[in-house]
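Source file: model-v3.cif; contents: mmCIF, C-alpha atoms and all ligand atoms.
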data_run
loop_
_atom_site.group_PDB
_atom_site.id
_atom_site.type_symbol
_atom_site.label_atom_id
_atom_site.label_comp_id
_atom_site.auth_asym_id
_atom_site.auth_seq_id
_atom_site.Cartn_x
_atom_site.Cartn_y
_atom_site.Cartn_z
ATOM 1 C CA MET V 96 11.644 -19.888 4.851
ATOM 2 C CA ALA V 97 9.389 -22.639 3.467
ATOM 3 C CA ASP V 98 7.892 -20.370 0.817
ATOM 4 C CA GLY V 99 11.275 -19.211 -0.434
ATOM 5 C CA ARG V 100 10.863 -15.848 1.255
ATOM 6 C CA GLY V 101 13.926 -14.379 2.871
ATOM 7 C CA ARG V 102 14.148 -10.765 3.912
ATOM 8 C CA GLY V 103 12.345 -8.643 1.298
ATOM 9 C CA GLN V 104 11.508 -11.613 -0.940
ATOM 10 C CA ARG V 105 8.072 -12.164 -2.374
ATOM 11 C CA PRO V 106 6.255 -15.336 -1.337
ATOM 12 C CA GLN V 107 6.202 -18.010 -4.032
ATOM 13 C CA THR V 108 3.305 -20.279 -4.899
ATOM 14 C CA VAL V 109 4.600 -23.669 -5.967
ATOM 15 C CA LEU V 110 2.122 -25.569 -8.133
ATOM 16 C CA GLU V 111 2.387 -28.555 -10.383
ATOM 17 C CA VAL V 112 1.073 -28.987 -13.883
ATOM 18 C CA ILE V 113 -2.169 -30.981 -13.777
ATOM 19 C CA ARG V 114 -2.960 -31.005 -17.494
ATOM 20 C CA THR V 115 -2.437 -29.059 -20.691
ATOM 21 C CA GLU V 116 -4.844 -28.301 -23.488
ATOM 22 C CA ARG V 117 -4.099 -26.990 -26.988
ATOM 23 C CA LEU V 118 -6.665 -24.222 -27.490
ATOM 24 C CA SER V 119 -5.515 -23.247 -30.974
ATOM 25 C CA PRO V 120 -2.361 -23.552 -33.101
ATOM 26 C CA HIS V 121 -0.723 -20.702 -31.155
ATOM 27 C CA LEU V 122 -2.321 -21.006 -27.716
ATOM 28 C CA THR V 123 -1.813 -23.695 -25.076
ATOM 29 C CA ARG V 124 -3.555 -23.778 -21.701
ATOM 30 C CA VAL V 125 -1.629 -25.066 -18.714
ATOM 31 C CA VAL V 126 -3.795 -25.977 -15.722
ATOM 32 C CA ALA V 127 -1.805 -26.115 -12.495
ATOM 33 C CA GLY V 128 -2.716 -26.907 -8.904
ATOM 34 C CA GLY V 129 -1.870 -29.210 -6.047
ATOM 35 C CA PRO V 130 -1.264 -28.610 -2.329
ATOM 36 C CA GLY V 131 0.669 -25.378 -3.015
ATOM 37 C CA PHE V 132 -2.519 -23.756 -4.329
ATOM 38 C CA ARG V 133 -3.463 -22.761 -0.753
ATOM 39 C CA ALA V 134 -0.749 -20.064 -0.888
ATOM 40 C CA PHE V 135 -2.289 -18.408 -3.950
ATOM 41 C CA GLN V 136 -3.904 -15.097 -2.940
ATOM 42 C CA ASN V 137 -6.513 -14.482 -5.601
ATOM 43 C CA ASN V 138 -7.647 -10.957 -6.471
ATOM 44 C CA GLU V 139 -10.613 -9.409 -8.278
ATOM 45 C CA TYR V 140 -8.851 -8.032 -11.370
ATOM 46 C CA SER V 141 -9.713 -9.478 -14.801
ATOM 47 C CA ASP V 142 -6.109 -8.947 -15.871
ATOM 48 C CA ARG V 143 -4.561 -10.525 -12.780
ATOM 49 C CA TYR V 144 -1.041 -11.624 -13.608
ATOM 50 C CA VAL V 145 1.765 -13.590 -12.014
ATOM 51 C CA LYS V 146 5.514 -13.679 -12.413
ATOM 52 C CA LEU V 147 6.497 -17.231 -13.320
ATOM 53 C CA LEU V 148 9.936 -18.408 -12.234
ATOM 54 C CA PHE V 149 11.640 -20.766 -14.670
ATOM 55 C CA ALA V 150 14.751 -22.470 -13.298
ATOM 56 C CA ASP V 151 17.150 -24.249 -15.610
ATOM 57 C CA PRO V 152 16.702 -27.973 -14.771
ATOM 58 C CA ALA V 153 20.508 -28.316 -15.051
ATOM 59 C CA ALA V 154 20.885 -25.998 -12.014
ATOM 60 C CA GLY V 155 19.271 -28.678 -9.810
ATOM 61 C CA LEU V 156 17.146 -26.200 -7.799
ATOM 62 C CA GLU V 157 14.117 -27.238 -5.744
ATOM 63 C CA PRO V 158 11.224 -24.761 -5.426
ATOM 64 C CA PRO V 159 10.520 -22.484 -3.637
ATOM 65 C CA TYR V 160 13.694 -20.761 -4.747
ATOM 66 C CA ASP V 161 15.829 -18.800 -2.328
ATOM 67 C CA LEU V 162 16.475 -15.917 -4.703
ATOM 68 C CA GLU V 163 18.448 -13.888 -2.204
ATOM 69 C CA THR V 164 21.012 -16.628 -1.655
ATOM 70 C CA LEU V 165 21.133 -17.439 -5.362
ATOM 71 C CA ARG V 166 21.699 -13.785 -6.218
ATOM 72 C CA ALA V 167 24.583 -13.666 -3.783
ATOM 73 C CA GLU V 168 26.134 -17.073 -4.439
ATOM 74 C CA ARG V 169 24.993 -18.455 -7.805
ATOM 75 C CA PRO V 170 23.617 -15.597 -9.897
ATOM 76 C CA GLU V 171 23.954 -17.680 -13.070
ATOM 77 C CA ALA V 172 21.389 -20.130 -11.632
ATOM 78 C CA LEU V 173 18.710 -17.490 -10.928
ATOM 79 C CA PRO V 174 15.365 -18.512 -12.439
ATOM 80 C CA ARG V 175 14.135 -16.457 -15.409
ATOM 81 C CA LEU V 176 11.019 -14.380 -14.739
ATOM 82 C CA ARG V 177 8.132 -14.283 -17.191
ATOM 83 C CA THR V 178 4.814 -12.478 -16.731
ATOM 84 C CA TYR V 179 1.502 -14.245 -17.439
ATOM 85 C CA THR V 180 -2.192 -13.618 -16.946
ATOM 86 C CA VAL V 181 -4.128 -16.032 -14.786
ATOM 87 C CA ARG V 182 -6.964 -16.932 -17.127
ATOM 88 C CA TRP V 183 -9.159 -18.457 -14.447
ATOM 89 C CA VAL V 184 -9.017 -19.641 -10.869
ATOM 90 C CA ASP V 185 -11.128 -22.529 -9.570
ATOM 91 C CA VAL V 186 -10.853 -22.315 -5.798
ATOM 92 C CA GLU V 187 -12.963 -25.438 -5.240
ATOM 93 C CA ALA V 188 -10.815 -27.580 -7.525
ATOM 94 C CA GLN V 189 -7.686 -25.757 -6.279
ATOM 95 C CA GLU V 190 -6.573 -25.096 -9.836
ATOM 96 C CA LEU V 191 -5.699 -22.135 -12.021
ATOM 97 C CA ALA V 192 -5.135 -21.823 -15.756
ATOM 98 C CA ILE V 193 -2.617 -19.876 -17.783
ATOM 99 C CA ASP V 194 -2.883 -19.569 -21.573
ATOM 100 C CA PHE V 195 0.524 -19.362 -23.245
ATOM 101 C CA VAL V 196 1.162 -18.022 -26.728
ATOM 102 C CA ILE V 197 3.212 -20.578 -28.629
ATOM 103 C CA HIS V 198 5.496 -18.281 -30.598
ATOM 104 C CA GLY V 199 8.302 -20.565 -31.760
ATOM 105 C CA ASP V 200 11.514 -21.938 -30.336
ATOM 106 C CA ASP V 201 12.870 -18.663 -28.920
ATOM 107 C CA GLY V 202 12.421 -17.857 -25.279
ATOM 108 C CA VAL V 203 11.681 -19.646 -22.049
ATOM 109 C CA ALA V 204 7.992 -19.666 -21.241
ATOM 110 C CA GLY V 205 6.462 -20.242 -24.687
ATOM 111 C CA PRO V 206 8.723 -23.215 -25.511
ATOM 112 C CA TRP V 207 8.209 -24.634 -21.995
ATOM 113 C CA ALA V 208 4.408 -24.502 -22.331
ATOM 114 C CA ALA V 209 4.539 -26.166 -25.741
ATOM 115 C CA THR V 210 5.815 -29.385 -24.174
ATOM 116 C CA ALA V 211 4.835 -29.045 -20.473
ATOM 117 C CA GLN V 212 3.998 -32.352 -18.801
ATOM 118 C CA PRO V 213 1.778 -33.187 -15.802
ATOM 119 C CA GLY V 214 3.783 -33.169 -12.581
ATOM 120 C CA GLU V 215 6.244 -30.450 -13.637
ATOM 121 C CA PRO V 216 6.525 -27.550 -11.188
ATOM 122 C CA LEU V 217 5.031 -24.145 -11.981
ATOM 123 C CA VAL V 218 6.376 -21.538 -9.579
ATOM 124 C CA MET V 219 5.010 -18.014 -9.346
ATOM 125 C CA ASN V 220 4.722 -14.910 -7.305
ATOM 126 C CA GLY V 221 1.798 -12.510 -7.319
ATOM 127 C CA PRO V 222 -0.857 -12.017 -8.529
ATOM 128 C CA GLY V 223 -0.955 -8.331 -9.342
ATOM 129 C CA GLY V 224 -3.516 -6.657 -11.564
ATOM 130 C CA GLY V 225 -5.003 -3.311 -12.438
ATOM 131 C CA TYR V 226 -8.132 -3.585 -14.563
ATOM 132 C CA ALA V 227 -11.659 -4.825 -14.086
ATOM 133 C CA PRO V 228 -14.634 -3.822 -16.235
ATOM 134 C CA ASP V 229 -16.570 -0.952 -14.706
ATOM 135 C CA PRO V 230 -20.279 -1.890 -14.701
ATOM 136 C CA ASP V 231 -21.120 1.838 -14.896
ATOM 137 C CA ALA V 232 -19.204 2.477 -18.146
ATOM 138 C CA ASP V 233 -21.499 3.360 -21.092
ATOM 139 C CA TRP V 234 -19.442 1.073 -23.304
ATOM 140 C CA HIS V 235 -16.258 -0.978 -23.374
ATOM 141 C CA LEU V 236 -13.381 -1.156 -25.822
ATOM 142 C CA LEU V 237 -10.907 -4.039 -25.525
ATOM 143 C CA VAL V 238 -8.012 -4.285 -27.956
ATOM 144 C CA GLY V 239 -5.200 -6.810 -27.988
ATOM 145 C CA ASP V 240 -3.476 -9.809 -29.495
ATOM 146 C CA LEU V 241 -3.032 -13.439 -28.473
ATOM 147 C CA SER V 242 -0.936 -12.430 -25.444
ATOM 148 C CA SER V 243 -3.785 -10.338 -24.035
ATOM 149 C CA LEU V 244 -6.582 -12.630 -25.202
ATOM 150 C CA PRO V 245 -6.594 -14.364 -21.768
ATOM 151 C CA ALA V 246 -7.160 -11.017 -20.006
ATOM 152 C CA ILE V 247 -9.752 -9.917 -22.573
ATOM 153 C CA ALA V 248 -11.592 -13.248 -22.330
ATOM 154 C CA ALA V 249 -11.634 -12.998 -18.527
ATOM 155 C CA ALA V 250 -12.901 -9.395 -18.718
ATOM 156 C CA LEU V 251 -15.749 -10.374 -21.045
ATOM 157 C CA GLU V 252 -16.791 -13.088 -18.602
ATOM 158 C CA ASP V 253 -16.721 -10.561 -15.742
ATOM 159 C CA MET V 254 -19.004 -8.024 -17.474
ATOM 160 C CA PRO V 255 -22.685 -7.620 -16.665
ATOM 161 C CA ALA V 256 -25.028 -9.215 -19.227
ATOM 162 C CA ASP V 257 -26.140 -5.799 -20.552
ATOM 163 C CA ALA V 258 -22.622 -4.508 -21.238
ATOM 164 C CA VAL V 259 -22.020 -3.160 -24.751
ATOM 165 C CA GLY V 260 -18.946 -2.369 -26.809
ATOM 166 C CA HIS V 261 -16.228 -3.893 -28.944
ATOM 167 C CA ALA V 262 -13.388 -6.358 -28.537
ATOM 168 C CA LEU V 263 -10.737 -6.456 -31.285
ATOM 169 C CA ILE V 264 -8.136 -9.201 -31.225
ATOM 170 C CA GLN V 265 -5.260 -9.665 -33.656
ATOM 171 C CA VAL V 266 -4.579 -13.332 -34.397
ATOM 172 C CA GLU V 267 -1.842 -15.222 -36.201
ATOM 173 C CA ASP V 268 -4.262 -17.194 -38.361
ATOM 174 C CA ASP V 269 -7.860 -18.352 -38.573
ATOM 175 C CA GLY V 270 -7.165 -21.319 -36.313
ATOM 176 C CA ASP V 271 -6.606 -18.930 -33.400
ATOM 177 C CA VAL V 272 -10.177 -17.675 -33.486
ATOM 178 C CA VAL V 273 -11.708 -19.157 -30.339
ATOM 179 C CA ASP V 274 -15.171 -19.058 -28.796
ATOM 180 C CA LEU V 275 -15.554 -16.278 -26.249
ATOM 181 C CA VAL V 276 -18.224 -16.206 -23.560
ATOM 182 C CA ARG V 277 -19.450 -12.611 -23.652
ATOM 183 C CA PRO V 278 -22.422 -10.317 -23.222
ATOM 184 C CA PRO V 279 -24.402 -10.251 -26.508
ATOM 185 C CA GLY V 280 -23.857 -6.484 -26.760
ATOM 186 C CA ILE V 281 -20.091 -6.870 -27.132
ATOM 187 C CA GLU V 282 -19.092 -7.220 -30.783
ATOM 188 C CA VAL V 283 -15.933 -9.244 -31.363
ATOM 189 C CA THR V 284 -13.676 -8.545 -34.349
ATOM 190 C CA TRP V 285 -10.800 -10.889 -35.191
ATOM 191 C CA VAL V 286 -8.069 -8.970 -36.987
ATOM 192 C CA ARG V 287 -6.139 -11.188 -39.421
ATOM 193 C CA GLU V 288 -3.900 -8.487 -40.901
ATOM 194 C CA ARG V 289 -0.383 -8.442 -39.507
ATOM 195 C CA GLY V 290 1.741 -5.547 -38.288
ATOM 196 C CA ASP V 291 1.558 -2.726 -35.735
ATOM 197 C CA GLN V 292 -0.916 -0.709 -37.744
ATOM 198 C CA ALA V 293 -3.577 -3.393 -38.187
ATOM 199 C CA LEU V 294 -5.305 -2.881 -34.837
ATOM 200 C CA VAL V 295 -5.169 0.887 -35.223
ATOM 201 C CA ASP V 296 -6.907 0.614 -38.590
ATOM 202 C CA ALA V 297 -9.498 -1.737 -37.100
ATOM 203 C CA VAL V 298 -10.235 0.635 -34.199
ATOM 204 C CA ARG V 299 -10.415 3.593 -36.561
ATOM 205 C CA ALA V 300 -12.969 1.719 -38.670
ATOM 206 C CA LEU V 301 -15.306 1.182 -35.708
ATOM 207 C CA ARG V 302 -18.613 2.973 -35.473
ATOM 208 C CA TRP V 303 -17.631 5.172 -32.528
ATOM 209 C CA ARG V 304 -20.218 5.145 -29.773
ATOM 210 C CA HIS V 305 -21.234 8.072 -27.599
ATOM 211 C CA GLY V 306 -20.772 8.245 -23.853
ATOM 212 C CA ASP V 307 -18.231 7.166 -21.292
ATOM 213 C CA VAL V 308 -15.942 4.456 -22.672
ATOM 214 C CA GLN V 309 -13.635 2.317 -20.567
ATOM 215 C CA ALA V 310 -10.766 0.975 -22.675
ATOM 216 C CA PHE V 311 -8.312 -1.883 -22.211
ATOM 217 C CA VAL V 312 -5.407 -1.943 -24.685
ATOM 218 C CA HIS V 313 -2.707 -4.523 -23.956
ATOM 219 C CA GLY V 314 -0.370 -6.340 -26.344
ATOM 220 C CA GLU V 315 2.743 -5.795 -28.459
ATOM 221 C CA ARG V 316 4.660 -2.651 -27.544
ATOM 222 C CA GLU V 317 4.616 -0.784 -30.861
ATOM 223 C CA ALA V 318 0.952 -1.553 -31.445
ATOM 224 C CA THR V 319 -0.031 -0.325 -27.958
ATOM 225 C CA LYS V 320 1.919 2.903 -28.486
ATOM 226 C CA LEU V 321 0.044 3.637 -31.715
ATOM 227 C CA LEU V 322 -3.273 2.726 -30.122
ATOM 228 C CA ARG V 323 -2.637 4.953 -27.113
ATOM 229 C CA ARG V 324 -1.998 7.886 -29.446
ATOM 230 C CA LEU V 325 -5.155 7.179 -31.445
ATOM 231 C CA LEU V 326 -7.359 6.834 -28.383
ATOM 232 C CA THR V 327 -6.074 9.843 -26.444
ATOM 233 C CA ASP V 328 -5.209 12.323 -29.201
ATOM 234 C CA GLU V 329 -7.851 11.483 -31.805
ATOM 235 C CA ARG V 330 -10.682 9.966 -29.814
ATOM 236 C CA GLY V 331 -10.176 12.034 -26.665
ATOM 237 C CA ILE V 332 -10.477 9.168 -24.186
ATOM 238 C CA ASP V 333 -9.714 10.313 -20.681
ATOM 239 C CA ARG V 334 -6.419 8.768 -19.497
ATOM 240 C CA GLY V 335 -8.138 7.557 -16.337
ATOM 241 C CA ARG V 336 -10.487 5.412 -18.465
ATOM 242 C CA LEU V 337 -7.671 3.874 -20.480
ATOM 243 C CA SER V 338 -5.640 0.856 -19.344
ATOM 244 C CA VAL V 339 -2.651 0.540 -21.699
ATOM 245 C CA SER V 340 0.142 -1.953 -21.202
ATOM 246 C CA ALA V 341 2.870 -3.402 -23.397
ATOM 247 C CA TYR V 342 2.917 -7.171 -22.781
ATOM 248 C CA TRP V 343 5.829 -8.018 -25.071
ATOM 249 C CA ALA V 344 8.006 -6.422 -27.721
ATOM 250 C CA GLN V 345 8.952 -7.740 -31.141
ATOM 251 C CA GLY V 346 12.575 -8.897 -31.114
ATOM 252 C CA ARG V 347 13.024 -8.442 -27.342
ATOM 253 C CA VAL V 348 13.239 -11.105 -24.629
ATOM 254 C CA GLU V 349 11.180 -10.199 -21.595
ATOM 255 C CA ASP V 350 14.165 -9.352 -19.382
ATOM 256 C CA GLN V 351 15.349 -6.704 -21.849
ATOM 257 C CA PHE V 352 11.873 -5.465 -22.600
ATOM 258 C CA GLN V 353 10.955 -5.034 -18.911
ATOM 259 C CA ALA V 354 14.256 -3.217 -18.280
ATOM 260 C CA GLU V 355 13.421 -0.853 -21.143
ATOM 261 C CA LYS V 356 10.002 -0.168 -19.635
ATOM 262 C CA ARG V 357 11.832 1.434 -16.731
ATOM 263 C CA GLU V 358 13.876 3.722 -19.021
ATOM 264 C CA PRO V 359 12.661 7.079 -20.327
ATOM 265 C CA VAL V 360 10.811 6.346 -23.591
ATOM 266 C CA GLY V 361 13.150 8.453 -25.763
ATOM 267 C CA GLN V 362 16.152 6.287 -24.909
ATOM 268 C CA ILE V 363 14.714 3.013 -26.255
HETATM 269 C C1 LIG S 401 0.964 -8.306 -17.346
HETATM 270 C C2 LIG S 401 1.303 -9.262 -18.474
HETATM 271 C C3 LIG S 401 0.474 -10.340 -18.755
HETATM 272 C C4 LIG S 401 0.791 -11.231 -19.798
HETATM 273 N N1 LIG S 401 -0.042 -12.290 -20.043
HETATM 274 C C5 LIG S 401 0.280 -13.180 -21.011
HETATM 275 C C6 LIG S 401 -0.540 -14.340 -21.231
HETATM 276 O O1 LIG S 401 -1.519 -14.605 -20.532
HETATM 277 N N2 LIG S 401 -0.179 -15.187 -22.241
HETATM 278 C C7 LIG S 401 0.942 -14.957 -23.021
HETATM 279 O O2 LIG S 401 1.234 -15.775 -23.898
HETATM 280 N N3 LIG S 401 1.713 -13.869 -22.821
HETATM 281 C C8 LIG S 401 1.429 -13.000 -21.832
HETATM 282 N N4 LIG S 401 2.241 -11.915 -21.614
HETATM 283 C C9 LIG S 401 3.383 -11.722 -22.513
HETATM 284 C C10 LIG S 401 4.594 -12.574 -22.112
HETATM 285 O O3 LIG S 401 5.065 -12.198 -20.838
HETATM 286 C C11 LIG S 401 5.713 -12.324 -23.147
HETATM 287 O O4 LIG S 401 5.262 -12.729 -24.424
HETATM 288 C C12 LIG S 401 7.024 -13.009 -22.828
HETATM 289 O O5 LIG S 401 8.018 -12.367 -23.584
HETATM 290 C C13 LIG S 401 7.028 -14.499 -23.132
HETATM 291 O O6 LIG S 401 8.245 -15.058 -22.681
HETATM 292 P P1 LIG S 401 9.062 -16.157 -23.523
HETATM 293 O O7 LIG S 401 10.071 -16.710 -22.577
HETATM 294 O O8 LIG S 401 8.120 -17.088 -24.191
HETATM 295 O O9 LIG S 401 9.780 -15.307 -24.666
HETATM 296 P P2 LIG S 401 11.022 -14.291 -24.481
HETATM 297 O O10 LIG S 401 12.248 -15.011 -24.044
HETATM 298 O O11 LIG S 401 10.597 -13.125 -23.632
HETATM 299 O O12 LIG S 401 11.204 -13.763 -25.984
HETATM 300 C C14 LIG S 401 11.809 -14.585 -27.002
HETATM 301 C C15 LIG S 401 11.398 -14.067 -28.374
HETATM 302 O O13 LIG S 401 10.006 -14.323 -28.588
HETATM 303 C C16 LIG S 401 9.317 -13.133 -28.944
HETATM 304 N N5 LIG S 401 7.976 -13.158 -28.327
HETATM 305 C C17 LIG S 401 7.674 -13.070 -27.007
HETATM 306 N N6 LIG S 401 6.349 -13.106 -26.824
HETATM 307 C C18 LIG S 401 5.788 -13.229 -28.044
HETATM 308 C C19 LIG S 401 4.458 -13.318 -28.497
HETATM 309 N N7 LIG S 401 3.400 -13.276 -27.665
HETATM 310 N N8 LIG S 401 4.245 -13.450 -29.826
HETATM 311 C C20 LIG S 401 5.294 -13.466 -30.711
HETATM 312 N N9 LIG S 401 6.589 -13.391 -30.330
HETATM 313 C C21 LIG S 401 6.836 -13.270 -29.009
HETATM 314 C C22 LIG S 401 10.183 -11.996 -28.402
HETATM 315 O O14 LIG S 401 9.993 -10.808 -29.135
HETATM 316 C C23 LIG S 401 11.581 -12.545 -28.542
HETATM 317 O O15 LIG S 401 12.059 -12.305 -29.852
HETATM 318 C C24 LIG S 401 1.946 -11.017 -20.577
HETATM 319 C C25 LIG S 401 2.802 -9.934 -20.269
HETATM 320 C C26 LIG S 401 2.474 -9.060 -19.247
HETATM 321 C C27 LIG S 401 3.407 -7.910 -18.943
#
I need this file expressed as structure tokens, please.
Amino acid sequence: MADGRGRGQRPQTVLEVIRTERLSPHLTRVVAGGPGFRAFQNNEYSDRYVKLLFADPAAGLEPPYDLETLRAERPEALPRLRTYTVRWVDVEAQELAIDFVIHGDDGVAGPWAATAQPGEPLVMNGPGGGYAPDPDADWHLLVGDLSSLPAIAAALEDMPADAVGHALIQVEDDGDVVDLVRPPGIEVTWVRERGDQALVDAVRALRWRHGDVQAFVHGEREATKLLRRLLTDERGIDRGRLSVSAYWAQGRVEDQFQAEKREPVGQI
């Protein structure tokens, strides 16, 4: 099929890079669009995410990719999948933006974004999503790192002007502190300390507010585990008001890390 969809295959949106923008030393925005944008089915989640398909240029594949045939005939040429938040969608301009953490030479997506050029293809399926700020929450707590900064930034923009709460974001260095459009009642804390424990300490140090809190905690796997424990066991947040997701894991490529997500926790 024209969109790469055989039996049971997800439709692919094939975009091209329009421009890139260095937001900070460790964050690069890739804006993509073009005629393929019409196939993109937007949704209302702040944390809407897509699966990007990265084919090895040496494999000579043209998007959309026929994954079923590749799996059967050339499994070594299958594109690598990487998960990314759609930072914003501009339906009028037929463009969307993805903010990539630039985390060094290892990996597929980060190194690609660091040198992406206008005209290169950007192929995706999705979006999925699961969180949007609840306007009825008494207060909001958003905790993450550079990988979840795009989702946190989108959530802050989606909140009503009278929303209150805290956003805590762990950054690599001072250069990664960026301007966030947000309701004035949301206090932003940039956490410079490194390590899994730093965000936990920062959350523990907060002046805890009363009332119904809606929490969004996405980022590195070990940090999110510790934060989940703090928020449920110590702070008593109802699990239904807590969105927790591991976005990446130290020392793991995404393929391995996503496979581990499907295993019982004790076996990892
Ligand atoms: C729902 C969802 C939404 C996401 N949204 C975003 C987003 O908007 N922007 C974004 O940048 N990431 C986002 N991520 C995280 C991203 O998918 C992972 O960081 C992914 O591993 C990057 O792929 P890669 O090919 O660059 O590195 P991989 O090949 O997966 O990993 C190579 C090495 O780099 C390390 N590494 C991977 N990511 C990071 C990182 N962020 N910081 C430091 N080291 C790292 C790994 O531990 C590994 O050692 C999201 C993940 C999920 C599940």
Quick one: apply the PyMOL selection byres (((chain V and resi 284-301) around 12) and not hetatm) to the file and drop the selected residues here as JSON, numbers by chain. {"V": [236, 237, 238, 239, 240, 241, 244, 260, 261, 262, 263, 264, 265, 266, 267, 268, 269, 270, 271, 272, 273, 274, 275, 281, 282, 283, 302, 303, 304, 310, 312, 313, 314, 315, 316, 317, 318, 319, 320, 321, 322, 323, 324, 325, 326, 329, 330, 344, 345]}
For this structure, which residues satisfy the selection - the PyMOL selection byres (((chain V and resi 105-111) around 12) and not hetatm) - when it is evaluated on the file as given? I want them as a PyMOL selection string. chain V and resi 96-104+112-115+125-137+145-149+157-163+189-192+211-222
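The coordinates place atom C6 of ligand LIG 401 (chain S) at 12.2 Å from CA of Ser141 in chain V.
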Take every atom of ligand LIG 401 (chain S) listed in the file, fit an axis-aligned box around them, add 5 Å per side, and give the centre and edge lengths in Å to one decimal as AutoDock Vina command-line options.
--center_x 5.4 --center_y -12.5 --center_z -24.0 --size_x 23.8 --size_y 19.2 --size_z 23.4
Residues within 7 Å of ligand LIG 401 (chain S), counting all atoms listed in the file, as an mmCIF file with C-alpha atoms, in the coordinates of the input:
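Okay, part-v2.cif is ready:
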data_model
loop_
_atom_site.group_PDB
_atom_site.id
_atom_site.type_symbol
_atom_site.label_atom_id
_atom_site.label_comp_id
_atom_site.auth_asym_id
_atom_site.auth_seq_id
_atom_site.Cartn_x
_atom_site.Cartn_y
_atom_site.Cartn_z
ATOM 1 C CA TYR V 144 -1.041 -11.624 -13.608
ATOM 2 C CA ARG V 177 8.132 -14.283 -17.191
ATOM 3 C CA THR V 178 4.814 -12.478 -16.731
ATOM 4 C CA TYR V 179 1.502 -14.245 -17.439
ATOM 5 C CA THR V 180 -2.192 -13.618 -16.946
ATOM 6 C CA VAL V 181 -4.128 -16.032 -14.786
ATOM 7 C CA ARG V 182 -6.964 -16.932 -17.127
ATOM 8 C CA ILE V 193 -2.617 -19.876 -17.783
ATOM 9 C CA ASP V 194 -2.883 -19.569 -21.573
ATOM 10 C CA PHE V 195 0.524 -19.362 -23.245
ATOM 11 C CA VAL V 196 1.162 -18.022 -26.728
ATOM 12 C CA HIS V 198 5.496 -18.281 -30.598
ATOM 13 C CA ASP V 201 12.870 -18.663 -28.920
ATOM 14 C CA GLY V 202 12.421 -17.857 -25.279
ATOM 15 C CA VAL V 203 11.681 -19.646 -22.049
ATOM 16 C CA ALA V 204 7.992 -19.666 -21.241
ATOM 17 C CA GLY V 205 6.462 -20.242 -24.687
ATOM 18 C CA PRO V 206 8.723 -23.215 -25.511
ATOM 19 C CA LEU V 241 -3.032 -13.439 -28.473
ATOM 20 C CA SER V 242 -0.936 -12.430 -25.444
ATOM 21 C CA SER V 243 -3.785 -10.338 -24.035
ATOM 22 C CA PRO V 245 -6.594 -14.364 -21.768
ATOM 23 C CA ALA V 246 -7.160 -11.017 -20.006
ATOM 24 C CA ALA V 341 2.870 -3.402 -23.397
ATOM 25 C CA TYR V 342 2.917 -7.171 -22.781
ATOM 26 C CA TRP V 343 5.829 -8.018 -25.071
ATOM 27 C CA ALA V 344 8.006 -6.422 -27.721
ATOM 28 C CA GLN V 345 8.952 -7.740 -31.141
ATOM 29 C CA GLY V 346 12.575 -8.897 -31.114
ATOM 30 C CA ARG V 347 13.024 -8.442 -27.342
ATOM 31 C CA VAL V 348 13.239 -11.105 -24.629
ATOM 32 C CA GLU V 349 11.180 -10.199 -21.595
ATOM 33 C CA ASP V 350 14.165 -9.352 -19.382
#
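CA of Tyr226 in chain V is found 18.5 Å from CA of Val276 in chain V.
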In Å, rounded to a single decimal, give me how far CA of Leu122 in chain V is from CA of Thr210 in chain V. 12.2 Å
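You can rank V:Ala188, V:Ile197, V:Leu176, V:Leu337 by their closest distance to His235 in chain V using only C-alpha atoms, and at the top of that list sits V:Leu337.
Each of V:Ala172, V:Arg117, V:Asp142, V:Gly199 was compared to Gly155 in chain V using all atoms listed in the file, and V:Ala172 turns out to be the nearest.
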Among listed residues V:Leu156, V:Leu173, V:Ala248, V:Val186, nearest Asn138 in chain V (using all atoms listed in the file): V:Val186
Once N, CA and C atoms are restored for range 134-141 of chain V, what would the output be as a tab-separated table (two decimals), in the frame of the given file?
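The resulting file, selection_1.tsv, is reproduced below:
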chain	number	residue	atom	x	y	z
V	134	ALA	N	-1.53	-21.30	-1.07
V	134	ALA	CA	-0.75	-20.06	-0.89
V	134	ALA	C	-1.13	-18.99	-1.91
V	135	PHE	N	-1.96	-19.36	-2.90
V	135	PHE	CA	-2.29	-18.41	-3.95
V	135	PHE	C	-3.35	-17.42	-3.45
V	136	GLN	N	-2.99	-16.14	-3.44
V	136	GLN	CA	-3.90	-15.10	-2.94
V	136	GLN	C	-4.61	-14.48	-4.13
V	137	ASN	N	-5.80	-14.97	-4.42
V	137	ASN	CA	-6.51	-14.48	-5.60
V	137	ASN	C	-6.89	-13.01	-5.44
V	138	ASN	N	-7.12	-12.32	-6.56
V	138	ASN	CA	-7.65	-10.96	-6.47
V	138	ASN	C	-8.80	-10.80	-7.47
V	139	GLU	N	-9.38	-9.61	-7.51
V	139	GLU	CA	-10.61	-9.41	-8.28
V	139	GLU	C	-10.37	-8.79	-9.66
V	140	TYR	N	-9.12	-8.65	-10.07
V	140	TYR	CA	-8.85	-8.03	-11.37
V	140	TYR	C	-9.03	-9.04	-12.50
V	141	SER	N	-9.60	-8.59	-13.64
V	141	SER	CA	-9.71	-9.48	-14.80
V	141	SER	C	-8.34	-9.76	-15.39
